[in-house]
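This report refers to the structure that appears directly beneath it.
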Amino acid sequence: METIILASNSANKIIEISQKLKPFNINVISQAEAGYNIEVDETGTTFKENAILKADAIYEKTKMPVIADDSGLEIDALGGKPGVYSKRFAGENATDSDRIEKILDLMKDIEDNKRTARFKCTICYIDKFGDKHIFEGTCEGKITTKLYGNDGFGYDPIFLYGTKTFAQMTQEEKNKVSHRGKAINKLVEFLLNNAKKED
């Protein structure tokens, strides 16, 4: 079984990515499990730049295959915000509730047909040779006027996809349609194709 380090300690991300890769005999461990519990400054102005920064930091220390992702929410009515600043949108030490509250407040007067938004994810995979590979995924949806659902994390309770918010979906349902799920699918396809070439 191949082991890949996820350049994150987010339990939610570990679960999402592990569930996608486990059927292909790939074991995903957190950077802390690998012995490198570091916080990388996300100074990039795009999801791609931040994903590369995080992947590079762990690869340089371990020389093992690494996955890093950067993702966020883009809201049309807010000019694409919060974007790459999704986690810091309500301040450095803000909670998910703080961030959601800020979004709902900023959008309280926005009519339904103008509440379009999307989640975006960029994954940087650095293979055992140190080569970088980039995979991207997008999920289009809308911002609700209040919270729905108890699962998920981040902005999931206010992101409506079809008839459900991400927080109303099971992990399996979300993985099938989410921005991160789509990016991981592209990574899996790449890994499987590479494995065939090496056979």
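A note on labels: chains of the structure tokens are A, B, ... as shown, every chain counts residues from 1, and ligands are counted from 1 in their shown order.
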Practice item. Would you mind writing down, as number ranges by chain, each residue of region 64-180 of chain A that DSSP on the backbone assigns to strand (DSSP E or B)? Key: A: 66-75, 82, 116-126, 132-143, 159-161, 164-165
Saved selection, atoms kept: C-alpha atoms, as a PDB file, in the first residue's frame:
ATOM      1  CA  VAL A  66       2.528  14.698  -0.675  1.00  0.00           C
ATOM      2  CA  ILE A  67      -0.979  16.000  -1.355  1.00  0.00           C
ATOM      3  CA  ALA A  68      -1.890  19.565  -0.452  1.00  0.00           C
ATOM      4  CA  ASP A  69      -5.108  21.315  -1.246  1.00  0.00           C
ATOM      5  CA  ASP A  70      -6.316  24.857  -1.041  1.00  0.00           C
ATOM      6  CA  SER A  71      -9.963  25.588  -1.431  1.00  0.00           C
ATOM      7  CA  GLY A  72     -12.525  28.249  -0.787  1.00  0.00           C
ATOM      8  CA  LEU A  73     -15.848  29.815  -1.534  1.00  0.00           C
ATOM      9  CA  GLU A  74     -16.386  32.430  -4.256  1.00  0.00           C
ATOM     10  CA  ILE A  75     -19.621  34.441  -4.082  1.00  0.00           C
ATOM     11  CA  PRO A  82     -14.056  35.356   0.318  1.00  0.00           C
ATOM     12  CA  THR A 116     -24.840  32.279  -6.956  1.00  0.00           C
ATOM     13  CA  ALA A 117     -21.554  30.937  -5.645  1.00  0.00           C
ATOM     14  CA  ARG A 118     -19.041  28.166  -6.130  1.00  0.00           C
ATOM     15  CA  PHE A 119     -16.583  26.155  -4.121  1.00  0.00           C
ATOM     16  CA  LYS A 120     -13.176  25.760  -5.773  1.00  0.00           C
ATOM     17  CA  CYS A 121     -10.367  23.381  -4.913  1.00  0.00           C
ATOM     18  CA  THR A 122      -6.837  23.019  -6.230  1.00  0.00           C
ATOM     19  CA  ILE A 123      -4.758  19.986  -5.295  1.00  0.00           C
ATOM     20  CA  CYS A 124      -0.986  19.867  -5.659  1.00  0.00           C
ATOM     21  CA  TYR A 125       0.437  16.358  -5.704  1.00  0.00           C
ATOM     22  CA  ILE A 126       4.200  15.989  -5.453  1.00  0.00           C
ATOM     23  CA  LYS A 132       4.390  18.554  -9.162  1.00  0.00           C
ATOM     24  CA  HIS A 133       0.960  17.763 -10.604  1.00  0.00           C
ATOM     25  CA  ILE A 134      -2.039  20.099 -10.310  1.00  0.00           C
ATOM     26  CA  PHE A 135      -5.717  19.061 -10.222  1.00  0.00           C
ATOM     27  CA  GLU A 136      -8.716  21.384  -9.914  1.00  0.00           C
ATOM     28  CA  GLY A 137     -12.394  20.988  -9.122  1.00  0.00           C
ATOM     29  CA  THR A 138     -15.369  23.364  -8.986  1.00  0.00           C
ATOM     30  CA  CYS A 139     -18.884  22.973  -7.600  1.00  0.00           C
ATOM     31  CA  GLU A 140     -21.544  25.554  -8.501  1.00  0.00           C
ATOM     32  CA  GLY A 141     -24.311  26.395  -6.046  1.00  0.00           C
ATOM     33  CA  LYS A 142     -26.094  29.154  -4.150  1.00  0.00           C
ATOM     34  CA  ILE A 143     -25.862  30.803  -0.756  1.00  0.00           C
ATOM     35  CA  PHE A 159     -23.906  26.295   0.427  1.00  0.00           C
ATOM     36  CA  LEU A 160     -26.867  24.895  -1.504  1.00  0.00           C
ATOM     37  CA  TYR A 161     -26.229  22.302  -4.210  1.00  0.00           C
ATOM     38  CA  LYS A 164     -29.500  20.172  -0.203  1.00  0.00           C
ATOM     39  CA  THR A 165     -26.733  22.130   1.449  1.00  0.00           C
TER      40      THR A 165
END
Practice item. Check region 5-108 of chain A with DSSP on the backbone and list each residue it calls helix (DSSP H, G or I), as an MDAnalysis selection string. Key: chainID A and resid 11:24 47:62 76:78 83:88 96:106
Exercise for review: Might you pull out every residue within 12 Å of Ile14 (chain A), with only C-alpha atoms counted and same-chain residues fewer than 2 positions away left off, and present them as a PyMOL selection string?
Suggested key: chain A and resi 4-12+16-22+27-33+67-69+180
May I have the residues from that selection written out with N, CA and C atoms, as an mmCIF file, in the first residue's frame?
data_model
loop_
_atom_site.group_PDB
_atom_site.id
_atom_site.type_symbol
_atom_site.label_atom_id
_atom_site.label_comp_id
_atom_site.auth_asym_id
_atom_site.auth_seq_id
_atom_site.Cartn_x
_atom_site.Cartn_y
_atom_site.Cartn_z
ATOM 1 N N ILE A 4 0.697 8.356 1.230
ATOM 2 C CA ILE A 4 0.830 9.748 0.800
ATOM 3 C C ILE A 4 0.520 10.637 1.997
ATOM 4 N N ILE A 5 1.343 11.642 2.193
ATOM 5 C CA ILE A 5 1.123 12.579 3.297
ATOM 6 C C ILE A 5 0.202 13.700 2.829
ATOM 7 N N LEU A 6 -0.817 13.991 3.617
ATOM 8 C CA LEU A 6 -1.661 15.144 3.356
ATOM 9 C C LEU A 6 -1.104 16.320 4.147
ATOM 10 N N ALA A 7 -0.758 17.379 3.439
ATOM 11 C CA ALA A 7 -0.158 18.559 4.083
ATOM 12 C C ALA A 7 -1.244 19.351 4.814
ATOM 13 N N SER A 8 -1.790 18.712 5.834
ATOM 14 C CA SER A 8 -2.860 19.320 6.629
ATOM 15 C C SER A 8 -3.050 18.472 7.880
ATOM 16 N N ASN A 9 -3.643 19.072 8.894
ATOM 17 C CA ASN A 9 -4.053 18.299 10.075
ATOM 18 C C ASN A 9 -5.575 18.348 10.245
ATOM 19 N N SER A 10 -6.274 18.827 9.209
ATOM 20 C CA SER A 10 -7.727 18.910 9.269
ATOM 21 C C SER A 10 -8.330 17.513 9.248
ATOM 22 N N ALA A 11 -8.984 17.137 10.334
ATOM 23 C CA ALA A 11 -9.604 15.805 10.418
ATOM 24 C C ALA A 11 -10.619 15.609 9.301
ATOM 25 N N ASN A 12 -11.364 16.677 8.977
ATOM 26 C CA ASN A 12 -12.379 16.578 7.925
ATOM 27 C C ASN A 12 -11.758 16.306 6.563
ATOM 28 N N GLU A 16 -12.252 13.014 4.109
ATOM 29 C CA GLU A 16 -12.713 13.155 2.720
ATOM 30 C C GLU A 16 -11.738 12.511 1.743
ATOM 31 N N ILE A 17 -10.459 12.838 1.887
ATOM 32 C CA ILE A 17 -9.466 12.365 0.932
ATOM 33 C C ILE A 17 -9.172 10.878 1.128
ATOM 34 N N SER A 18 -9.124 10.413 2.371
ATOM 35 C CA SER A 18 -8.884 8.987 2.645
ATOM 36 C C SER A 18 -9.964 8.116 2.035
ATOM 37 N N GLN A 19 -11.217 8.543 2.175
ATOM 38 C CA GLN A 19 -12.336 7.755 1.642
ATOM 39 C C GLN A 19 -12.241 7.609 0.128
ATOM 40 N N LYS A 20 -11.727 8.639 -0.517
ATOM 41 C CA LYS A 20 -11.594 8.610 -1.974
ATOM 42 C C LYS A 20 -10.436 7.712 -2.423
ATOM 43 N N LEU A 21 -9.348 7.701 -1.670
ATOM 44 C CA LEU A 21 -8.136 7.010 -2.115
ATOM 45 C C LEU A 21 -7.982 5.586 -1.577
ATOM 46 N N LYS A 22 -8.662 5.271 -0.466
ATOM 47 C CA LYS A 22 -8.529 3.946 0.157
ATOM 48 C C LYS A 22 -8.851 2.795 -0.802
ATOM 49 N N ASN A 27 -2.850 4.817 1.246
ATOM 50 C CA ASN A 27 -3.035 5.213 2.631
ATOM 51 C C ASN A 27 -2.673 6.691 2.784
ATOM 52 N N VAL A 28 -3.599 7.481 3.306
ATOM 53 C CA VAL A 28 -3.355 8.912 3.499
ATOM 54 C C VAL A 28 -3.140 9.188 4.981
ATOM 55 N N ILE A 29 -2.021 9.847 5.299
ATOM 56 C CA ILE A 29 -1.763 10.218 6.690
ATOM 57 C C ILE A 29 -1.590 11.732 6.782
ATOM 58 N N SER A 30 -1.862 12.289 7.943
ATOM 59 C CA SER A 30 -1.713 13.732 8.137
ATOM 60 C C SER A 30 -0.234 14.086 8.287
ATOM 61 N N GLN A 31 0.076 15.364 8.146
ATOM 62 C CA GLN A 31 1.464 15.787 8.322
ATOM 63 C C GLN A 31 1.925 15.548 9.761
ATOM 64 N N ALA A 32 1.001 15.645 10.725
ATOM 65 C CA ALA A 32 1.353 15.385 12.122
ATOM 66 C C ALA A 32 1.727 13.917 12.317
ATOM 67 N N GLU A 33 0.970 13.013 11.688
ATOM 68 C CA GLU A 33 1.275 11.582 11.768
ATOM 69 C C GLU A 33 2.636 11.279 11.151
ATOM 70 N N ILE A 67 0.194 15.324 -0.795
ATOM 71 C CA ILE A 67 -0.979 16.000 -1.355
ATOM 72 C C ILE A 67 -1.237 17.243 -0.512
ATOM 73 N N ALA A 68 -1.444 18.368 -1.167
ATOM 74 C CA ALA A 68 -1.890 19.565 -0.452
ATOM 75 C C ALA A 68 -3.036 20.167 -1.241
ATOM 76 N N ASP A 69 -4.020 20.660 -0.536
ATOM 77 C CA ASP A 69 -5.108 21.315 -1.246
ATOM 78 C C ASP A 69 -5.330 22.705 -0.673
ATOM 79 N N ARG A 180 -13.732 19.396 -3.928
ATOM 80 C CA ARG A 180 -12.593 18.573 -3.527
ATOM 81 C C ARG A 180 -12.725 17.166 -4.102
#
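Taking CA of Phe129 (chain A) as the reference point, CA of Ile15 (chain A) is found at 26.1 Å.
For the pair CA of Gly154 (chain A) and CA of Ala94 (chain A), the interatomic distance is 11.1 Å.
Of the residues under consideration (A:Lys13, A:Glu49, A:Asp41, A:Asp105), A:Lys13 shows the shortest atom-to-atom contact distance to Gly152 (chain A) when counting only C-alpha atoms.
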Revision key, fill the gap. Counting only C-alpha atoms, closest pick from A:Lys128, A:Leu187, A:Asp151, A:Ile38 relative to Glu172 (chain A) is A:Asp151
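CA of Asp98 (chain A) to CA of Gln168 (chain A) spans 19.7 Å [interatomic distance, one decimal].
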**Study point:** Close residues, Thr45 (chain A) itself excluded, 10 Å, only C-alpha atoms, min 2 positions apart in chain, as a ChimeraX atom specification
**Key:** /A:42-43,47-50,83-85
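Minimum atom-to-atom distance to Asp127 (chain A), evaluated using only C-alpha atoms, belongs to A:Glu60 out of A:Phe24, A:Lys87, A:Gly44, A:Glu60.
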